[in-house]
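Enquirer: File query_9.csv below, CSV, C-alpha atoms:
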```csv
chain,number,residue,atom,x,y,z
Z,1,MET,CA,-185.8,86.0,157.7
Z,2,GLN,CA,-189.5,85.1,157.5
Z,3,VAL,CA,-191.5,86.8,154.8
Z,4,CYS,CA,-195.2,87.0,155.3
Z,5,PRO,CA,-197.1,86.7,152.0
Z,6,GLY,CA,-200.2,88.3,153.4
Z,7,LEU,CA,-198.2,91.3,154.5
Z,8,MET,CA,-196.8,91.6,151.0
Z,9,LEU,CA,-200.4,91.9,149.7
Z,10,VAL,CA,-201.2,94.5,152.2
Z,11,ALA,CA,-198.2,96.6,151.4
Z,12,MET,CA,-198.4,96.3,147.6
Z,13,GLY,CA,-202.1,96.9,147.5
Z,14,SER,CA,-204.2,96.4,144.4
Z,15,GLY,CA,-202.7,96.3,140.9
Z,16,GLU,CA,-203.9,99.9,140.4
Z,17,GLU,CA,-202.2,101.1,143.6
Z,18,SER,CA,-199.0,99.3,142.9
Z,19,ALA,CA,-198.7,101.1,139.6
Z,20,ALA,CA,-198.4,104.3,141.7
Z,21,ARG,CA,-195.1,105.6,143.1
Z,22,GLN,CA,-193.4,103.2,145.5
Z,23,PRO,CA,-193.4,104.7,149.0
Z,24,VAL,CA,-189.9,105.5,150.2
Z,25,ILE,CA,-188.9,104.6,153.7
Z,26,LEU,CA,-185.7,106.0,155.2
Z,27,VAL,CA,-184.2,103.5,157.7
Z,28,VAL,CA,-181.8,105.2,160.1
Z,29,GLU,CA,-179.8,102.7,162.2
Z,30,ASP,CA,-176.1,102.5,163.0
Z,31,GLU,CA,-175.9,98.8,163.4
Z,32,ILE,CA,-175.8,97.2,160.0
Z,33,ILE,CA,-176.8,93.9,161.5
Z,34,VAL,CA,-180.1,95.5,162.5
Z,35,ARG,CA,-180.5,97.9,159.6
Z,36,SER,CA,-180.0,95.4,156.7
Z,37,PRO,CA,-182.7,92.9,157.7
Z,38,VAL,CA,-185.2,95.7,158.2
Z,39,ALA,CA,-184.3,97.4,154.9
Z,40,GLU,CA,-184.4,94.1,153.1
Z,41,PHE,CA,-187.7,93.1,154.6
Z,42,LEU,CA,-189.3,96.4,153.7
Z,43,ARG,CA,-188.0,96.1,150.1
Z,44,THR,CA,-189.5,92.6,150.0
Z,45,VAL,CA,-192.9,93.9,150.9
Z,46,GLY,CA,-192.8,96.6,148.3
Z,47,TYR,CA,-191.2,99.7,149.6
Z,48,LYS,CA,-188.2,101.6,148.3
Z,49,VAL,CA,-185.7,101.9,151.1
Z,50,VAL,CA,-182.9,104.4,151.7
Z,51,GLU,CA,-180.5,103.3,154.4
Z,52,ALA,CA,-178.6,105.8,156.7
Z,53,ALA,CA,-176.2,104.9,159.4
Z,54,ASN,CA,-176.8,108.0,161.5
Z,55,ALA,CA,-178.9,111.2,161.8
Z,56,ALA,CA,-176.5,113.4,159.9
Z,57,LYS,CA,-176.6,111.1,156.9
Z,58,ALA,CA,-180.4,111.1,157.1
Z,59,VAL,CA,-180.4,114.9,157.1
Z,60,ALA,CA,-178.1,114.8,154.1
Z,61,VAL,CA,-180.6,112.6,152.3
Z,62,PHE,CA,-183.4,115.1,153.0
Z,63,ASN,CA,-181.2,118.0,151.9
Z,64,THR,CA,-180.8,116.5,148.4
Z,65,GLY,CA,-184.5,116.7,147.9
Z,66,THR,CA,-185.0,113.0,147.9
Z,67,VAL,CA,-188.7,112.3,148.5
Z,68,ILE,CA,-189.1,110.4,151.7
Z,69,ASP,CA,-192.5,109.2,152.9
Z,70,LEU,CA,-191.7,107.9,156.3
Z,71,VAL,CA,-188.6,107.6,158.6
Z,72,PHE,CA,-187.9,104.6,160.8
Z,73,SER,CA,-185.1,105.5,163.1
Z,74,ASP,CA,-183.2,104.1,166.0
Z,75,VAL,CA,-182.9,106.5,169.0
Z,76,ASP,CA,-179.4,105.6,170.2
Z,77,MET,CA,-176.9,106.5,167.5
Z,78,PRO,CA,-173.4,108.0,167.6
Z,79,GLY,CA,-172.9,111.6,166.6
Z,80,PRO,CA,-174.3,114.9,167.8
Z,81,MET,CA,-177.9,114.1,166.8
Z,82,ASP,CA,-179.7,111.1,168.1
Z,83,GLY,CA,-183.0,109.7,166.8
Z,84,VAL,CA,-185.1,112.0,168.9
Z,85,GLY,CA,-183.1,115.0,167.6
Z,86,LEU,CA,-183.7,113.7,164.1
Z,87,ALA,CA,-187.4,113.4,164.7
Z,88,CYS,CA,-187.5,117.0,166.0
Z,89,TRP,CA,-185.5,118.1,162.9
Z,90,ILE,CA,-188.0,116.4,160.6
Z,91,SER,CA,-190.9,117.8,162.5
Z,92,ARG,CA,-189.6,121.3,162.0
Z,93,HIS,CA,-188.4,120.9,158.4
Z,94,HIS,CA,-190.7,118.3,157.0
Z,95,PRO,CA,-193.8,118.3,159.1
Z,96,GLY,CA,-195.7,116.1,156.8
Z,97,ILE,CA,-193.5,113.1,157.3
Z,98,HIS,CA,-194.2,110.4,159.9
Z,99,VAL,CA,-191.3,109.2,162.1
Z,100,ILE,CA,-191.3,105.9,163.9
Z,101,LEU,CA,-188.6,105.7,166.6
Z,102,THR,CA,-187.2,102.5,168.0
Z,103,SER,CA,-184.9,101.7,170.9
Z,104,GLY,CA,-183.8,99.0,173.2
Z,105,ILE,CA,-184.2,101.6,176.0
Z,106,HIS,CA,-187.9,101.9,176.4
Z,107,HIS,CA,-187.9,105.3,178.0
Z,108,ALA,CA,-185.6,106.9,175.4
Z,109,ALA,CA,-188.2,108.4,173.1
Z,110,GLN,CA,-191.4,108.3,175.0
Z,111,GLY,CA,-193.1,111.4,176.3
Z,112,ARG,CA,-191.0,113.9,174.3
Z,113,GLY,CA,-194.1,115.6,173.0
Z,114,THR,CA,-193.4,114.9,169.3
Z,115,LYS,CA,-195.8,113.1,167.1
Z,116,ASP,CA,-193.5,110.2,166.6
Z,117,LEU,CA,-194.4,106.7,167.2
Z,118,PHE,CA,-192.3,104.4,169.2
Z,119,LEU,CA,-191.5,100.7,168.6
Z,120,PRO,CA,-189.5,99.0,171.3
Z,121,LYS,CA,-186.6,96.7,170.4
Z,122,PRO,CA,-186.6,93.8,169.8
Z,123,PHE,CA,-189.3,94.2,167.2
Z,124,ARG,CA,-190.8,91.8,164.7
Z,125,LEU,CA,-190.1,92.8,161.1
Z,126,ALA,CA,-193.8,92.3,160.3
Z,127,GLU,CA,-194.7,94.7,163.0
Z,128,VAL,CA,-192.5,97.4,161.5
Z,129,ALA,CA,-194.1,96.9,158.1
Z,130,LEU,CA,-197.6,97.0,159.5
Z,131,ARG,CA,-196.9,100.2,161.4
Z,132,ILE,CA,-195.5,101.8,158.3
Z,133,HIS,CA,-198.5,100.7,156.2
Z,134,SER,CA,-200.9,102.0,158.8
Z,135,LEU,CA,-199.2,105.4,159.0
Z,136,LEU,CA,-198.9,105.8,155.3
Z,137,GLU,CA,-202.7,105.3,155.1
Z,138,ASP,CA,-203.0,108.2,157.5
Z,139,PRO,CA,-200.8,110.9,156.2
Z,140,LEU,CA,-200.0,113.9,158.4
Z,141,GLN,CA,-201.0,117.3,157.1
Z,142,GLU,CA,-198.2,119.7,156.2
Z,143,GLU,CA,-198.3,122.6,158.6
Z,144,ALA,CA,-198.6,126.1,157.2
T,1,MET,CA,-184.7,58.5,137.0
T,2,PRO,CA,-185.3,61.9,135.4
T,3,SER,CA,-187.5,63.5,138.1
T,4,ASP,CA,-186.7,67.2,138.2
T,5,ASP,CA,-187.0,68.2,134.5
T,6,HIS,CA,-190.2,70.2,135.2
T,7,SER,CA,-189.6,71.3,138.7
T,8,PRO,CA,-189.1,75.1,139.2
T,9,VAL,CA,-185.5,76.2,139.3
T,10,GLU,CA,-184.9,78.7,142.1
T,11,ILE,CA,-182.5,81.4,141.0
T,12,THR,CA,-180.7,83.1,143.9
T,13,PRO,CA,-179.5,86.5,142.9
T,14,SER,CA,-175.9,87.2,143.5
T,15,THR,CA,-175.3,89.4,146.6
T,16,ILE,CA,-173.2,92.5,146.6
T,17,LEU,CA,-172.0,94.3,149.7
T,18,VAL,CA,-171.5,98.0,148.8
T,19,VAL,CA,-169.2,99.8,151.3
T,20,GLU,CA,-169.3,103.5,150.8
T,21,PRO,CA,-169.4,106.2,153.5
T,22,ASP,CA,-171.0,108.8,151.3
T,23,ILE,CA,-174.7,108.0,151.5
T,24,LEU,CA,-175.5,109.8,148.3
T,25,VAL,CA,-173.0,107.8,146.3
T,26,ARG,CA,-174.0,104.6,148.0
T,27,MET,CA,-177.7,105.1,147.5
T,28,ALA,CA,-177.2,105.6,143.8
T,29,ILE,CA,-175.0,102.6,143.1
T,30,ALA,CA,-177.0,100.3,145.5
T,31,ASP,CA,-180.2,101.2,143.7
T,32,TYR,CA,-178.7,100.7,140.3
T,33,LEU,CA,-177.4,97.3,141.3
T,34,ARG,CA,-180.8,96.3,142.7
T,35,ASP,CA,-182.4,97.4,139.5
T,36,CYS,CA,-179.9,95.1,137.8
T,37,GLY,CA,-181.2,92.2,139.8
T,38,TYR,CA,-178.6,91.9,142.5
T,39,LYS,CA,-179.3,91.6,146.2
T,40,VAL,CA,-177.5,94.5,147.8
T,41,PHE,CA,-176.3,95.1,151.3
T,42,GLU,CA,-175.2,98.6,152.2
T,43,GLY,CA,-172.3,99.3,154.6
T,44,ALA,CA,-170.5,102.5,155.5
T,45,THR,CA,-167.4,101.3,157.4
T,46,ALA,CA,-164.9,98.5,157.5
T,47,ALA,CA,-166.6,97.2,160.7
T,48,ASP,CA,-169.7,96.8,158.6
T,49,VAL,CA,-167.8,94.4,156.3
T,50,ALA,CA,-166.7,92.3,159.3
T,51,THR,CA,-170.2,92.2,160.7
T,52,VAL,CA,-171.9,91.2,157.5
T,53,LEU,CA,-169.2,88.6,156.6
T,54,GLY,CA,-169.3,87.3,160.1
T,55,SER,CA,-173.1,86.7,159.8
T,56,ARG,CA,-174.6,83.8,157.9
T,57,GLN,CA,-175.4,86.1,155.0
T,58,LYS,CA,-173.7,84.9,151.8
T,59,ILE,CA,-171.9,87.6,150.0
T,60,ASP,CA,-170.5,87.2,146.5
T,61,VAL,CA,-168.7,90.5,145.9
T,62,VAL,CA,-167.6,93.3,148.1
T,63,PHE,CA,-167.5,96.7,146.3
T,64,ALA,CA,-165.7,99.1,148.6
T,65,GLU,CA,-164.5,102.6,148.7
T,66,VAL,CA,-160.8,102.9,149.7
T,67,GLN,CA,-161.3,106.0,151.9
T,68,LEU,CA,-163.3,104.8,154.9
T,69,SER,CA,-163.6,106.4,158.2
T,70,GLY,CA,-161.9,104.9,161.2
T,71,GLY,CA,-158.6,103.1,161.4
T,72,THR,CA,-159.3,100.6,158.6
T,73,ASP,CA,-159.3,101.6,154.9
T,74,GLY,CA,-160.5,99.8,151.9
T,75,PHE,CA,-157.1,98.3,151.2
T,76,ALA,CA,-157.1,96.7,154.6
T,77,VAL,CA,-160.6,95.5,154.0
T,78,ALA,CA,-159.6,93.9,150.7
T,79,GLN,CA,-156.6,92.2,152.3
T,80,TRP,CA,-158.7,90.9,155.2
T,81,VAL,CA,-161.4,89.6,152.9
T,82,ARG,CA,-158.8,87.8,150.8
T,83,GLU,CA,-157.4,86.2,153.8
T,84,LYS,CA,-160.5,85.3,155.7
T,85,HIS,CA,-163.0,84.9,152.9
T,86,PRO,CA,-161.1,83.9,149.7
T,87,ASP,CA,-164.3,82.9,148.0
T,88,ILE,CA,-165.4,86.5,148.0
T,89,ASP,CA,-164.2,88.9,145.4
T,90,VAL,CA,-163.4,92.5,146.1
T,91,ILE,CA,-163.7,95.6,143.9
T,92,LEU,CA,-162.1,98.7,145.2
T,93,THR,CA,-162.9,102.2,144.1
T,94,SER,CA,-161.5,105.6,144.9
T,95,GLY,CA,-161.7,109.2,143.6
T,96,ILE,CA,-158.1,109.7,144.7
T,97,THR,CA,-155.7,108.7,141.9
T,98,ARG,CA,-152.9,107.6,144.2
T,99,ALA,CA,-155.2,105.4,146.2
T,100,ALA,CA,-156.6,104.0,143.0
T,101,GLU,CA,-153.1,103.1,141.8
T,102,LYS,CA,-152.3,101.4,145.1
T,103,ALA,CA,-155.5,99.5,144.8
T,104,ARG,CA,-154.3,98.0,141.5
T,105,ASP,CA,-152.3,95.4,143.5
T,106,LEU,CA,-155.5,94.3,145.2
T,107,CYS,CA,-157.8,94.1,142.2
T,108,ASP,CA,-157.5,91.7,139.4
T,109,GLU,CA,-158.9,94.2,136.9
T,110,GLY,CA,-157.3,97.2,138.5
T,111,PRO,CA,-159.2,99.7,140.6
T,112,LEU,CA,-162.3,101.5,139.6
T,113,GLU,CA,-161.7,105.2,139.5
T,114,LYS,CA,-164.4,107.6,140.5
T,115,PRO,CA,-166.4,109.0,139.0
T,116,TYR,CA,-167.4,105.5,137.7
T,117,ARG,CA,-170.2,104.6,135.4
T,118,PRO,CA,-172.6,102.2,137.2
T,119,GLN,CA,-172.6,100.0,134.1
T,120,GLU,CA,-168.8,99.6,134.6
T,121,VAL,CA,-169.5,98.4,138.2
T,122,VAL,CA,-171.9,95.8,136.9
T,123,ARG,CA,-169.4,94.7,134.2
T,124,ARG,CA,-166.7,94.2,136.8
T,125,ILE,CA,-169.1,92.3,139.1
T,126,ASN,CA,-170.2,90.0,136.3
T,127,ILE,CA,-166.6,89.2,135.4
T,128,PHE,CA,-166.0,87.9,138.9
T,129,LEU,CA,-169.3,86.0,139.0
T,130,GLU,CA,-168.7,84.5,135.6
T,131,ARG,CA,-165.1,83.5,136.6
T,132,ARG,CA,-166.4,81.8,139.7
T,133,ARG,CA,-168.9,79.8,137.6
T,134,THR,CA,-166.2,78.5,135.3
T,135,VAL,CA,-163.0,78.3,137.4
T,136,PRO,CA,-163.5,77.3,141.0
T,137,LYS,CA,-161.2,79.3,143.3
T,138,GLY,CA,-158.8,77.2,145.3
```
Reformat the file's structure so that it appears as structure tokens.

Expert:
Amino acid sequence: MQVCPGLMLVAMGSGEESAARQPVILVVEDEIIVRSPVAEFLRTVGYKVVEAANAAKAVAVFNTGTVIDLVFSDVDMPGPMDGVGLACWISRHHPGIHVILTSGIHHAAQGRGTKDLFLPKPFRLAEVALRIHSLLEDPLQEEA
Amino acid sequence: MPSDDHSPVEITPSTILVVEPDILVRMAIADYLRDCGYKVFEGATAADVATVLGSRQKIDVVFAEVQLSGGTDGFAVAQWVREKHPDIDVILTSGITRAAEKARDLCDEGPLEKPYRPQEVVRRINIFLERRRTVPKG
């Protein structure tokens, strides 16, 4: 896995910023061979990462009250709720949280009318981190 | 020629594969192990173990729950790892007493009964890692 030192500086920010709470990213992906490198890379560039293997587990994490800053989720996962369903659930229950969806099927999550972003597979790890960084800089407003 | 006395020594952290279907339990122990300096991979199923060990990723210790979803439980995982990857140590854990007793046959130190203290997990891991440093498996 390639680690980009420049990216690490971007994600960690200044010394003052890095003293603040580490942003928490929830990575939802059923394929461990995909999930682990993404999670590991995000940890390397300074995020705290929670890993879930499906949407139900992701919802379970939210239900414990764990603070999540952003969700990076695959669309195509086994179980009654896919990534789009998870994004809708988050939009309803945690409207202040950005969701980035990813899929090898390009049409899967596009044009659903949610405020999710979509990153097609295959993606570069650096691209994931840059998207996350950019979204965290532009927080959504909690709806009333 | 003494050449490397002052060259930096690269220390590679030991890598633990935590296999636990309950995400809340897995999160807690995985975070603790990372805080202790280990590199940690998180799996939820027996298939995850096969996938990770089949990749190029070096794993030192598998810490697995006995009760896994699907047709393969932690016992089978431990046996498979012993057979296919004898250089990797396995620690089994379970909240079910009978399962924990059965795991005794597959664990050198006996099974780790739930609820476990994370410090105890680290102690077990360190025993294996230390043993590997001193007595090569063969």

Enquirer: Using only C-alpha atoms, which chain Z residues lie at most 9 Å away from chain T, written as a ChimeraX atom specification?

Expert: /Z:31-33,36,40,50-53,57-58,60-61,64

Enquirer: Do you know which residues are at most 10 Å from Z:Ile68 counting all atoms listed in the file, after dropping those on the same chain fewer than 6 positions away, and could you put them as a PyMOL selection string?

Expert: chain Z and resi 23-26+48-50+61-62+94+97-98

Enquirer: Within 6 Å of stretch 116-130 of chain Z, counting all atoms listed in the file, which residues show up once you throw out same-chain ones fewer than 6 positions away? Write them as a compact mmCIF listing (two decimals) with C-alpha atoms, in the frame of the given file, please.

Expert:
```
# COMPACT_ATOMS: atom_id res chain seq x y z
CA VAL Z 99 -191.30 109.20 162.10
CA ILE Z 100 -191.30 105.90 163.90
CA LEU Z 101 -188.60 105.70 166.60
CA THR Z 102 -187.20 102.50 168.00
CA SER Z 103 -184.90 101.70 170.90
CA GLY Z 104 -183.80 99.00 173.20
```

Enquirer: Quick one: pull the distance between atom CA of T:Gly54 and atom CA of T:Ile88, Å, one decimal.

Expert: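 Here the two named atoms are 12.7 Å from each other.
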
Enquirer: Distance atom CA of Z:Val28-atom CA of Z:Ala55, one decimal place?

Expert: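 Spanning atom CA of Z:Val28 to atom CA of Z:Ala55 is a straight-line distance of 6.9 Å.
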
Enquirer: In terms of the shortest atom-to-atom distance over all atoms listed in the file, which of T:Tyr38, T:Gly70, T:Val25, T:Glu83 is closest to T:Ile11?

Expert: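 Once distances to T:Ile11 are computed over all atoms listed in the file, the minimum belongs to T:Tyr38.
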
Enquirer: Between T:Val19, T:Gln57, T:Thr134, T:Val81, which has the minimum distance to T:Ser94 (counting all atoms listed in the file)?

Expert: T:Val19

Enquirer: With all atoms listed in the file as the counted atoms, please give the residues lying no more than 10 Å from T:Ala76, apart from itself and same-chain residues fewer than 4 positions off, as a PyMOL selection string.

Expert: chain T and resi 46+66+71-72+80-82+106

Enquirer: Output C-alpha atoms for every residue in the selection just made, as a JSON list (two decimals), in the coordinates of the input.

Expert:
```json
[["chain", "number", "residue", "atom", "x", "y", "z"],
["T", 46, "ALA", "CA", -164.90, 98.50, 157.50],
["T", 66, "VAL", "CA", -160.80, 102.90, 149.70],
["T", 71, "GLY", "CA", -158.60, 103.10, 161.40],
["T", 72, "THR", "CA", -159.30, 100.60, 158.60],
["T", 80, "TRP", "CA", -158.70, 90.90, 155.20],
["T", 81, "VAL", "CA", -161.40, 89.60, 152.90],
["T", 82, "ARG", "CA", -158.80, 87.80, 150.80],
["T", 106, "LEU", "CA", -155.50, 94.30, 145.20]]
```

Enquirer: At a cut-off of 12 Å, using all atoms listed in the file, what residues contact T:Glu120? Leave out same-chain residues fewer than 2 positions from it and give the result as a PyMOL selection string.

Expert: chain T and resi 29+32-33+91+93+109+111-118+122-127

Enquirer: What lies within 8 Å of Z:Leu136 using only C-alpha atoms, ignoring chain neighbours under 4 positions off, as a list in words?

Expert: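 With the cut-off at 8 Å, the set is Asp69, Leu70 and Ile132 of chain Z.
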
Enquirer: To one decimal place in Å, what is the distance between atom CA of Z:Ala87 and atom CA of Z:Glu137?

Expert: 19.8 Å

Enquirer: Using only C-alpha atoms, find the one residue out of T:Leu53, T:Phe63, T:Val121, T:Ser69 that sits nearest to T:His85.

Expert: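 With only C-alpha atoms as the atom set, the closest residue is T:Leu53.
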
Enquirer: Can you complete the atoms of stretch 29-52 of chain T to N, CA and C atoms and list them as a PDB file, keeping the file's coordinate frame?

Expert:
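Final output, selection28.pdb:
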```
ATOM      1  N   ILE T  29    -175.521 103.867 143.671  1.00  0.00           N
ATOM      2  CA  ILE T  29    -175.000 102.600 143.100  1.00  0.00           C
ATOM      3  C   ILE T  29    -175.770 101.410 143.634  1.00  0.00           C
ATOM      4  N   ALA T  30    -176.195 101.472 144.901  1.00  0.00           N
ATOM      5  CA  ALA T  30    -177.000 100.300 145.500  1.00  0.00           C
ATOM      6  C   ALA T  30    -178.288 100.194 144.727  1.00  0.00           C
ATOM      7  N   ASP T  31    -178.954 101.305 144.464  1.00  0.00           N
ATOM      8  CA  ASP T  31    -180.200 101.200 143.700  1.00  0.00           C
ATOM      9  C   ASP T  31    -180.012 100.694 142.326  1.00  0.00           C
ATOM     10  N   TYR T  32    -178.945 101.153 141.705  1.00  0.00           N
ATOM     11  CA  TYR T  32    -178.700 100.700 140.300  1.00  0.00           C
ATOM     12  C   TYR T  32    -178.454  99.177 140.338  1.00  0.00           C
ATOM     13  N   LEU T  33    -177.656  98.698 141.294  1.00  0.00           N
ATOM     14  CA  LEU T  33    -177.400  97.300 141.300  1.00  0.00           C
ATOM     15  C   LEU T  33    -178.639  96.455 141.625  1.00  0.00           C
ATOM     16  N   ARG T  34    -179.504  97.002 142.489  1.00  0.00           N
ATOM     17  CA  ARG T  34    -180.800  96.300 142.700  1.00  0.00           C
ATOM     18  C   ARG T  34    -181.625  96.256 141.470  1.00  0.00           C
ATOM     19  N   ASP T  35    -181.635  97.375 140.748  1.00  0.00           N
ATOM     20  CA  ASP T  35    -182.400  97.400 139.500  1.00  0.00           C
ATOM     21  C   ASP T  35    -181.839  96.372 138.512  1.00  0.00           C
ATOM     22  N   CYS T  36    -180.545  96.070 138.647  1.00  0.00           N
ATOM     23  CA  CYS T  36    -179.900  95.100 137.800  1.00  0.00           C
ATOM     24  C   CYS T  36    -180.199  93.652 138.237  1.00  0.00           C
ATOM     25  N   GLY T  37    -180.844  93.520 139.376  1.00  0.00           N
ATOM     26  CA  GLY T  37    -181.200  92.200 139.800  1.00  0.00           C
ATOM     27  C   GLY T  37    -180.389  91.613 140.953  1.00  0.00           C
ATOM     28  N   TYR T  38    -179.408  92.368 141.412  1.00  0.00           N
ATOM     29  CA  TYR T  38    -178.600  91.900 142.500  1.00  0.00           C
ATOM     30  C   TYR T  38    -179.288  92.142 143.857  1.00  0.00           C
ATOM     31  N   LYS T  39    -178.954  91.294 144.826  1.00  0.00           N
ATOM     32  CA  LYS T  39    -179.300  91.600 146.200  1.00  0.00           C
ATOM     33  C   LYS T  39    -178.190  92.434 146.762  1.00  0.00           C
ATOM     34  N   VAL T  40    -178.514  93.540 147.398  1.00  0.00           N
ATOM     35  CA  VAL T  40    -177.500  94.500 147.800  1.00  0.00           C
ATOM     36  C   VAL T  40    -177.557  94.779 149.297  1.00  0.00           C
ATOM     37  N   PHE T  41    -176.434  94.673 149.969  1.00  0.00           N
ATOM     38  CA  PHE T  41    -176.300  95.100 151.300  1.00  0.00           C
ATOM     39  C   PHE T  41    -175.504  96.420 151.323  1.00  0.00           C
ATOM     40  N   GLU T  42    -175.859  97.335 152.217  1.00  0.00           N
ATOM     41  CA  GLU T  42    -175.200  98.600 152.200  1.00  0.00           C
ATOM     42  C   GLU T  42    -174.405  98.796 153.545  1.00  0.00           C
ATOM     43  N   GLY T  43    -173.117  99.026 153.432  1.00  0.00           N
ATOM     44  CA  GLY T  43    -172.300  99.300 154.600  1.00  0.00           C
ATOM     45  C   GLY T  43    -171.579 100.615 154.438  1.00  0.00           C
ATOM     46  N   ALA T  44    -171.182 101.204 155.568  1.00  0.00           N
ATOM     47  CA  ALA T  44    -170.500 102.500 155.500  1.00  0.00           C
ATOM     48  C   ALA T  44    -169.065 102.405 156.030  1.00  0.00           C
ATOM     49  N   THR T  45    -168.740 101.351 156.750  1.00  0.00           N
ATOM     50  CA  THR T  45    -167.400 101.300 157.400  1.00  0.00           C
ATOM     51  C   THR T  45    -166.818  99.872 157.220  1.00  0.00           C
ATOM     52  N   ALA T  46    -165.526  99.788 157.558  1.00  0.00           N
ATOM     53  CA  ALA T  46    -164.900  98.500 157.500  1.00  0.00           C
ATOM     54  C   ALA T  46    -165.490  97.532 158.537  1.00  0.00           C
ATOM     55  N   ALA T  47    -165.917  98.078 159.651  1.00  0.00           N
ATOM     56  CA  ALA T  47    -166.600  97.200 160.700  1.00  0.00           C
ATOM     57  C   ALA T  47    -167.832  96.599 160.125  1.00  0.00           C
ATOM     58  N   ASP T  48    -168.521  97.328 159.255  1.00  0.00           N
ATOM     59  CA  ASP T  48    -169.700  96.800 158.600  1.00  0.00           C
ATOM     60  C   ASP T  48    -169.402  95.522 157.814  1.00  0.00           C
ATOM     61  N   VAL T  49    -168.242  95.566 157.147  1.00  0.00           N
ATOM     62  CA  VAL T  49    -167.800  94.400 156.300  1.00  0.00           C
ATOM     63  C   VAL T  49    -167.638  93.195 157.238  1.00  0.00           C
ATOM     64  N   ALA T  50    -166.912  93.399 158.329  1.00  0.00           N
ATOM     65  CA  ALA T  50    -166.700  92.300 159.300  1.00  0.00           C
ATOM     66  C   ALA T  50    -167.965  91.760 159.829  1.00  0.00           C
ATOM     67  N   THR T  51    -168.876  92.666 160.133  1.00  0.00           N
ATOM     68  CA  THR T  51    -170.200  92.200 160.700  1.00  0.00           C
ATOM     69  C   THR T  51    -170.960  91.407 159.723  1.00  0.00           C
ATOM     70  N   VAL T  52    -171.068  91.898 158.508  1.00  0.00           N
ATOM     71  CA  VAL T  52    -171.900  91.200 157.500  1.00  0.00           C
ATOM     72  C   VAL T  52    -171.231  89.842 157.145  1.00  0.00           C
TER      73      VAL T  52
END
```
